[in-house]
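Student: If you scroll down you'll find the structure; I have some questions about it.
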Amino acid sequence: MRKPWEVIQLLESDSSRLVKESIIARELDVGNDEFFRGCRAALDSMITFGVKKVEPKTGDGKGLKPETFWRVAQELAERRLTGNAAITTINGLRNQATEAEWNDWYRRILIKDLRCGVSDKTINSVVGKSNDNYRVPVFSCQLAHDGANHESKITGQKLVEVKLDGVRVIAIVYPTGTVNLYSRNGKELTNFPHIERQLAKHAVLFAEPTVLDGEIMSASFQDLMKQVHRKSDVSADDAVLNLFDILTLREFQAGQGEHKQINRTVTLHAWHNTIADHMPNVTVVGQELVDLDTIGGQERFKMINTQAIAGGYEGIMIKDPHAKYETKRTTAWLKQKPFIEVSLRVVGLEEGTGKNAGRLGALICEGEDDGVKIRTNVGSGLTDTMRDEIWQDHASVLGQVVEVRADAKTKNQDSEDLWSLRFPRFKSFRGFAPGEKI
């Protein structure tokens with residue numbers, strides 16, 4: 001049976017997906033437990049070792065026993081081994097290992113990068129259902145459906161909250177004080193240490209490892225996005241983690257929670273209320289229970305929606321108070337984002353790229369709406385026929401008024417006077433001649 005680092009070397013030597021899959025399939029057939037154990041440790045987002053840099057080595061040691069490495073790896077993952085003690089212990093492993101086994105295997109596990117063009121999807125596609133121990137758990141959280149596509153679900157009692165426009169964050173808090181922040185896709189986020197510190201101070205309040213689900217926002221969404229994955233020159237101290245759900249890590253890993261949404265909401269608020277004064281950068285999103293089967297409930301629902309938009313939020317979230325948390329997209333959560341429609345004049349045309357090269361890419365539109373000057377490029381909502389016909393006859397649309405649907409107006413960063421539109425979409429022409437609006 002091949003050594004794990006020998007398998008990595010083979011995978012690294014050929015860029016073909018089919019070749020890589022055939023190599024992995026062979027290790028599956030011969031039952032290479034050690035190889036798949038290492039793949040899981042490196043590719044499972046939920047396993048982290050708390051080390052940012054692991055040095056390669058030149059020259060051979062006497063060799064490192066797998067059981068010795070895995071004992072240390074477990075201590076690192078559980079944060080029983082940290083700081084200088086962790087560095088010293090890792091260097092000890094490095095000195096024992098041969099050059100190949102360290103550089104091509106153990107080091108890559110610790111840095112969470114196999115560097116051979118293999119992902120969790122690659123492993124799982126080969127393994128299938130043949131061996132659950134070899135599969136790599138895929139990080140997933142609960143996601144919402146668009147309420148516009150499930151209007152029949154927007155009835156009865158629902159929990160309503162504002163929809164935030166930030167970065168989804170899954171915070172895993174261990175009673176020992178360890179806190180890990182992840183994106184919705186399982187990417188570890190390391191640029192918000194002030195939030196980690198505030199959560200860590202109160203981790204002892206949890207009886208077992210706990211998942212806090214929320215969204216990070218800062219004063220500027222653009223600045224926040226720049227900081228999310230930046231590795232240096234990070235400045236995100238104004239970022240606030242807005243929480244909207246809670247469950248145990250055990251439930252999260254199982255893919256389904258045990259408690260109803262409304263009970264989780266009560267638990268989350270009760271926990272936060274006891275320590276809110278000590279966590280200035282961690283808050284809880286407010287929710288309101290509304291009965292949509294009553295006239296009063298419907299009126300309140302509309303008012304919350306209107307107030308959310310006026311407050312600069314994306315819209316609202318509608319949640320089933322009796323549903324359990326599931327790590328998938330579900331109608332238990334529905335997002336409702338209102339749209340605006342504005343009439344703008346076509347002042348120019350922009351050629352497309354890629355498949356739209358040589359024909360219309362976007363209409364350049366300008367106008368005024370509610371006293372706000374708007375200039376935006378509208379490229380969505382146009383048919384292929386329209387793109388061809390308009391590009392062949394520019395004069396036919398210049399000056400014409402178009403109805404544009406968008407999510408919201410946004411301040412143009414390049415101009416104090418102009419505004420733009422978020423996700424503008426062509427709806428229709430408003431007349432048959434330039435300037436005509438019908």
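Letters A, B, ... mark the chains of the structure tokens in the order given; residue numbers begin at 1 per chain; ligand numbers begin at 1, in order shown.
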Name the residues of stretch 53-112 of chain A that fall into alpha helix (DSSP H) according to DSSP on the backbone, using the chain letters and numbers of this document, as a PyMOL selection string.
Tutor: chain A and resi 66-77+83-96+99-101+107-110
Student: Taking the DSSP assignment computed from this structure's backbone, write out as a PDB file with C-alpha atoms, in the first residue's frame all residues of stretch 73-261 of chain A that belong to strand (DSSP E or B).
Tutor:
```pdb
ATOM      1  CA  LEU A 143     -30.258  29.255   3.800  1.00  0.00           C
ATOM      2  CA  ALA A 144     -33.465  30.989   2.761  1.00  0.00           C
ATOM      3  CA  HIS A 145     -35.645  30.681  -0.315  1.00  0.00           C
ATOM      4  CA  ASP A 146     -36.998  33.693  -2.156  1.00  0.00           C
ATOM      5  CA  GLN A 157     -47.827  33.083  12.393  1.00  0.00           C
ATOM      6  CA  LYS A 158     -44.352  34.090  11.282  1.00  0.00           C
ATOM      7  CA  LEU A 159     -41.306  35.613  12.921  1.00  0.00           C
ATOM      8  CA  VAL A 160     -40.270  38.708  10.952  1.00  0.00           C
ATOM      9  CA  GLU A 161     -36.882  40.426  11.100  1.00  0.00           C
ATOM     10  CA  VAL A 162     -34.867  42.789   8.901  1.00  0.00           C
ATOM     11  CA  LYS A 163     -32.638  41.312   6.197  1.00  0.00           C
ATOM     12  CA  VAL A 167     -21.271  38.863   5.480  1.00  0.00           C
ATOM     13  CA  ARG A 168     -22.815  35.648   6.821  1.00  0.00           C
ATOM     14  CA  VAL A 169     -20.790  34.286   9.734  1.00  0.00           C
ATOM     15  CA  ILE A 170     -21.012  31.012  11.615  1.00  0.00           C
ATOM     16  CA  ALA A 171     -19.333  31.417  15.012  1.00  0.00           C
ATOM     17  CA  ILE A 172     -18.404  28.224  16.839  1.00  0.00           C
ATOM     18  CA  VAL A 173     -17.828  28.866  20.534  1.00  0.00           C
ATOM     19  CA  VAL A 179     -13.846  30.746  19.052  1.00  0.00           C
ATOM     20  CA  ASN A 180     -13.750  30.028  15.318  1.00  0.00           C
ATOM     21  CA  LEU A 181     -15.504  32.202  12.729  1.00  0.00           C
ATOM     22  CA  TYR A 182     -16.496  30.782   9.336  1.00  0.00           C
ATOM     23  CA  GLU A 188     -12.305  30.403   8.216  1.00  0.00           C
ATOM     24  CA  LEU A 189     -12.440  34.155   8.878  1.00  0.00           C
ATOM     25  CA  THR A 210     -22.266  26.069  20.429  1.00  0.00           C
ATOM     26  CA  VAL A 211     -22.958  27.557  17.006  1.00  0.00           C
ATOM     27  CA  LEU A 212     -24.022  31.198  16.788  1.00  0.00           C
ATOM     28  CA  ASP A 213     -25.400  32.100  13.362  1.00  0.00           C
ATOM     29  CA  GLY A 214     -25.407  35.696  12.202  1.00  0.00           C
ATOM     30  CA  GLU A 215     -24.115  38.371   9.890  1.00  0.00           C
ATOM     31  CA  ILE A 216     -21.219  40.776  10.274  1.00  0.00           C
ATOM     32  CA  MET A 217     -21.794  44.368   9.233  1.00  0.00           C
ATOM     33  CA  VAL A 240     -20.511  44.082  14.487  1.00  0.00           C
ATOM     34  CA  LEU A 241     -21.753  40.491  14.579  1.00  0.00           C
ATOM     35  CA  ASN A 242     -25.547  40.522  14.405  1.00  0.00           C
ATOM     36  CA  LEU A 243     -26.841  37.146  15.620  1.00  0.00           C
ATOM     37  CA  PHE A 244     -30.136  35.572  14.627  1.00  0.00           C
ATOM     38  CA  ASP A 245     -29.843  31.891  15.591  1.00  0.00           C
ATOM     39  CA  ILE A 246     -28.259  29.460  18.017  1.00  0.00           C
ATOM     40  CA  LEU A 247     -27.834  25.672  18.236  1.00  0.00           C
ATOM     41  CA  THR A 248     -25.291  23.208  19.540  1.00  0.00           C
ATOM     42  CA  GLN A 256     -30.584  19.372  11.903  1.00  0.00           C
ATOM     43  CA  GLY A 257     -31.386  21.036  15.190  1.00  0.00           C
ATOM     44  CA  GLU A 258     -33.668  19.696  17.898  1.00  0.00           C
ATOM     45  CA  HIS A 259     -35.505  22.888  18.859  1.00  0.00           C
ATOM     46  CA  LYS A 260     -38.117  25.111  17.229  1.00  0.00           C
TER      47      LYS A 260
END
```
Student: Considering only C-alpha atoms, state which residue in the set A:Asn185, A:Gln298, A:Ser428, A:Thr353 is at the smallest distance from A:Met386.
Tutor: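 Looking at the shortest contact to A:Met386, the residue is A:Ser428.
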Student: Pull the closest atom pair for each residue of stretch 17-99 of chain A that gets at most 8 Å from stretch 117-133 of chain A, along with the distance in Å to one decimal, counting only C-alpha atoms, ordering rows by chain and then ascending residue number, as a Markdown table.
Tutor:
```
| residue | atom | partner | partner_atom | distance |
| --- | --- | --- | --- | --- |
| A:Lys20 | CA | A:Val118 | CA | 7.7 |
| A:Glu21 | CA | A:Val126 | CA | 6.4 |
| A:Ile24 | CA | A:Val126 | CA | 7.0 |
| A:Ala25 | CA | A:Val126 | CA | 6.1 |
| A:Leu28 | CA | A:Val127 | CA | 7.0 |
| A:Arg40 | CA | A:Asp120 | CA | 7.9 |
| A:Leu43 | CA | A:Asp120 | CA | 5.8 |
| A:Asp44 | CA | A:Asp120 | CA | 7.5 |
```
Student: Any chance you can output those residues with N, CA and C atoms as a PDB file, in the first residue's frame?
Tutor:
```pdb
ATOM      1  N   LYS A  20      -6.765  12.066 -11.366  1.00  0.00           N
ATOM      2  CA  LYS A  20      -6.800  12.221  -9.918  1.00  0.00           C
ATOM      3  C   LYS A  20      -7.862  11.309  -9.307  1.00  0.00           C
ATOM      4  N   GLU A  21      -9.016  11.254  -9.935  1.00  0.00           N
ATOM      5  CA  GLU A  21     -10.087  10.410  -9.413  1.00  0.00           C
ATOM      6  C   GLU A  21      -9.713   8.936  -9.464  1.00  0.00           C
ATOM      7  N   ILE A  24      -7.366   8.233  -6.541  1.00  0.00           N
ATOM      8  CA  ILE A  24      -8.114   8.163  -5.284  1.00  0.00           C
ATOM      9  C   ILE A  24      -8.926   6.875  -5.224  1.00  0.00           C
ATOM     10  N   ALA A  25      -9.496   6.471  -6.364  1.00  0.00           N
ATOM     11  CA  ALA A  25     -10.287   5.240  -6.417  1.00  0.00           C
ATOM     12  C   ALA A  25      -9.442   4.025  -6.052  1.00  0.00           C
ATOM     13  N   LEU A  28      -9.070   3.897  -2.410  1.00  0.00           N
ATOM     14  CA  LEU A  28     -10.335   3.438  -1.839  1.00  0.00           C
ATOM     15  C   LEU A  28     -10.419   1.919  -1.909  1.00  0.00           C
ATOM     16  N   ARG A  40      -9.393  14.031   5.233  1.00  0.00           N
ATOM     17  CA  ARG A  40     -10.505  14.590   6.006  1.00  0.00           C
ATOM     18  C   ARG A  40     -10.017  15.704   6.924  1.00  0.00           C
ATOM     19  N   LEU A  43      -9.251  18.782   4.738  1.00  0.00           N
ATOM     20  CA  LEU A  43     -10.326  19.356   3.925  1.00  0.00           C
ATOM     21  C   LEU A  43     -11.605  19.665   4.697  1.00  0.00           C
ATOM     22  N   ASP A  44     -11.744  19.121   5.893  1.00  0.00           N
ATOM     23  CA  ASP A  44     -12.928  19.408   6.699  1.00  0.00           C
ATOM     24  C   ASP A  44     -12.774  20.798   7.323  1.00  0.00           C
TER      25      ASP A  44
END
```
Student: Near stretch 53-66 of chain A, counting only C-alpha atoms, which residues have an atom at most 8 Å away, once you skip same-chain residues fewer than 6 positions from it, shown as a list in words?
Tutor: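 So the residues in contact are Ile90, Leu93, Arg94, Asn95, Gln96, Ala97, Thr98, Glu99, Glu101, Trp102, Asn103, Arg107, Leu110 and Ile111 of chain A.
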Student: Can you write out the residues you just picked, keeping N, CA and C atoms, as a PDB file, in the first residue's frame?
Tutor:
```pdb
ATOM      1  N   ILE A  90       5.297  21.242  17.340  1.00  0.00           N
ATOM      2  CA  ILE A  90       5.272  21.050  15.886  1.00  0.00           C
ATOM      3  C   ILE A  90       6.689  20.947  15.339  1.00  0.00           C
ATOM      4  N   LEU A  93       7.963  17.501  15.884  1.00  0.00           N
ATOM      5  CA  LEU A  93       7.458  16.566  14.869  1.00  0.00           C
ATOM      6  C   LEU A  93       8.228  16.735  13.565  1.00  0.00           C
ATOM      7  N   ARG A  94       8.454  17.985  13.208  1.00  0.00           N
ATOM      8  CA  ARG A  94       9.176  18.309  11.968  1.00  0.00           C
ATOM      9  C   ARG A  94      10.574  17.700  11.969  1.00  0.00           C
ATOM     10  N   ASN A  95      11.257  17.765  13.091  1.00  0.00           N
ATOM     11  CA  ASN A  95      12.613  17.212  13.179  1.00  0.00           C
ATOM     12  C   ASN A  95      12.610  15.697  13.062  1.00  0.00           C
ATOM     13  N   GLN A  96      11.567  15.056  13.567  1.00  0.00           N
ATOM     14  CA  GLN A  96      11.501  13.591  13.505  1.00  0.00           C
ATOM     15  C   GLN A  96      11.203  13.084  12.088  1.00  0.00           C
ATOM     16  N   ALA A  97      10.402  13.837  11.342  1.00  0.00           N
ATOM     17  CA  ALA A  97       9.895  13.349  10.055  1.00  0.00           C
ATOM     18  C   ALA A  97      10.959  13.345   8.973  1.00  0.00           C
ATOM     19  N   THR A  98      10.721  12.505   7.959  1.00  0.00           N
ATOM     20  CA  THR A  98      11.552  12.593   6.764  1.00  0.00           C
ATOM     21  C   THR A  98      11.097  13.804   5.955  1.00  0.00           C
ATOM     22  N   GLU A  99      11.899  14.223   5.028  1.00  0.00           N
ATOM     23  CA  GLU A  99      11.566  15.405   4.225  1.00  0.00           C
ATOM     24  C   GLU A  99      10.273  15.203   3.443  1.00  0.00           C
ATOM     25  N   GLU A 101       7.729  12.953   3.941  1.00  0.00           N
ATOM     26  CA  GLU A 101       6.503  12.777   4.709  1.00  0.00           C
ATOM     27  C   GLU A 101       6.077  14.078   5.380  1.00  0.00           C
ATOM     28  N   TRP A 102       7.029  14.925   5.733  1.00  0.00           N
ATOM     29  CA  TRP A 102       6.674  16.207   6.352  1.00  0.00           C
ATOM     30  C   TRP A 102       6.161  17.205   5.313  1.00  0.00           C
ATOM     31  N   ASN A 103       6.956  17.451   4.273  1.00  0.00           N
ATOM     32  CA  ASN A 103       6.605  18.480   3.283  1.00  0.00           C
ATOM     33  C   ASN A 103       5.385  18.112   2.463  1.00  0.00           C
ATOM     34  N   ARG A 107       2.790  18.353   7.051  1.00  0.00           N
ATOM     35  CA  ARG A 107       2.735  19.822   7.011  1.00  0.00           C
ATOM     36  C   ARG A 107       1.484  20.291   6.285  1.00  0.00           C
ATOM     37  N   LEU A 110      -1.568  20.203   8.494  1.00  0.00           N
ATOM     38  CA  LEU A 110      -1.601  21.276   9.485  1.00  0.00           C
ATOM     39  C   LEU A 110      -1.926  22.634   8.876  1.00  0.00           C
ATOM     40  N   ILE A 111      -1.494  22.866   7.638  1.00  0.00           N
ATOM     41  CA  ILE A 111      -1.803  24.155   7.003  1.00  0.00           C
ATOM     42  C   ILE A 111      -3.125  24.096   6.238  1.00  0.00           C
TER      43      ILE A 111
END
```
Student: With only C-alpha atoms as the atoms that count, which of A:Ala148, A:Val404, A:Val397, A:Leu418 lies nearest to A:Ile318?
Tutor: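 Closest candidate: A:Ala148.
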Student: Which polymer residues have any atom within 12 Å of an atom of stretch 374-376 of chain A, counting only C-alpha atoms, with same-chain residues fewer than 5 positions away left out, as a PyMOL selection string?
Tutor: chain A and resi 342-350+362-369+404-406+408-412+414-426
Student: Give me, as CSV, the closest atom pair and its distance (Å, one decimal) for every residue of stretch 134-177 of chain A within a cut-off of 6 Å of stretch 199-209 of chain A, counting only C-alpha atoms, rows sorted by chain and rising number.
Tutor:
```
residue,atom,partner,partner_atom,distance
A:Val173,CA,A:Pro209,CA,5.6
A:Tyr174,CA,A:Pro209,CA,4.4
A:Pro175,CA,A:Val204,CA,4.6
A:Gly177,CA,A:Ala200,CA,4.6
```
Student: Of the candidates A:Gly147, A:Asp104, A:Ala85, A:Glu75, which shows the shortest atom-to-atom distance to A:Lys3, using only C-alpha atoms?
Tutor: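 Using only C-alpha atoms, A:Lys3 sits closest to A:Asp104.
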Student: Please provide the set of residues having any atom within 12 Å of A:Arg115, restricted to only C-alpha atoms, with same-chain residues fewer than 5 positions apart removed, written as a PyMOL selection string.
Tutor: chain A and resi 5+8-13+15+39+42-43+103-105+107-109
Student: Got time to write the residues from that selection, C-alpha atoms, as a PDB file, in the first residue's frame?
Tutor:
```pdb
ATOM      1  CA  TRP A   5       2.684  11.325   0.801  1.00  0.00           C
ATOM      2  CA  ILE A   8      -0.125  13.150  -2.802  1.00  0.00           C
ATOM      3  CA  GLN A   9       2.926  13.190  -5.053  1.00  0.00           C
ATOM      4  CA  LEU A  10       1.026  11.195  -7.675  1.00  0.00           C
ATOM      5  CA  LEU A  11      -1.980  13.503  -7.453  1.00  0.00           C
ATOM      6  CA  GLU A  12       0.280  16.520  -7.766  1.00  0.00           C
ATOM      7  CA  SER A  13       2.004  15.166 -10.871  1.00  0.00           C
ATOM      8  CA  SER A  15      -3.614  17.970 -13.591  1.00  0.00           C
ATOM      9  CA  CYS A  39      -7.624  14.138   3.600  1.00  0.00           C
ATOM     10  CA  ALA A  42      -7.054  18.803   5.787  1.00  0.00           C
ATOM     11  CA  LEU A  43     -10.326  19.356   3.925  1.00  0.00           C
ATOM     12  CA  ASN A 103       6.605  18.480   3.283  1.00  0.00           C
ATOM     13  CA  ASP A 104       4.140  16.412   1.260  1.00  0.00           C
ATOM     14  CA  TRP A 105       1.877  15.130   4.004  1.00  0.00           C
ATOM     15  CA  ARG A 107       2.735  19.822   7.011  1.00  0.00           C
ATOM     16  CA  ARG A 108      -0.029  20.046   4.416  1.00  0.00           C
ATOM     17  CA  ILE A 109      -2.547  18.662   6.887  1.00  0.00           C
TER      18      ILE A 109
END
```
Student: Find the residues around A:Gly311 up to 12 Å (only C-alpha atoms counted), leave out those fewer than 4 positions away in its own chain, and share them as a list in words.
Tutor: Val162, Lys163, Leu164, Asp165, Ile304, Asn305, Thr306, Gln307, Gly315 and Ile316 of chain A
Student: Write out the residues from the selection above, keeping C-alpha atoms, as a compact mmCIF listing (two decimals), in the first residue's frame.
Tutor:
```
# COMPACT_ATOMS: atom_id res chain seq x y z
CA VAL A 162 -34.87 42.79 8.90
CA LYS A 163 -32.64 41.31 6.20
CA LEU A 164 -29.07 42.42 6.73
CA ASP A 165 -26.64 43.37 3.97
CA ILE A 304 -42.17 46.33 9.17
CA ASN A 305 -41.29 45.89 5.50
CA THR A 306 -41.62 49.62 4.81
CA GLN A 307 -39.59 50.55 7.88
CA GLY A 315 -35.78 43.77 3.01
CA ILE A 316 -37.14 41.30 5.55
```
Student: Closest to A:Ala77 among A:Arg197, A:His272, A:Arg135, A:Lys112, using only C-alpha atoms?
Tutor: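 For A:Ala77, the nearest of the given residues is A:Lys112.
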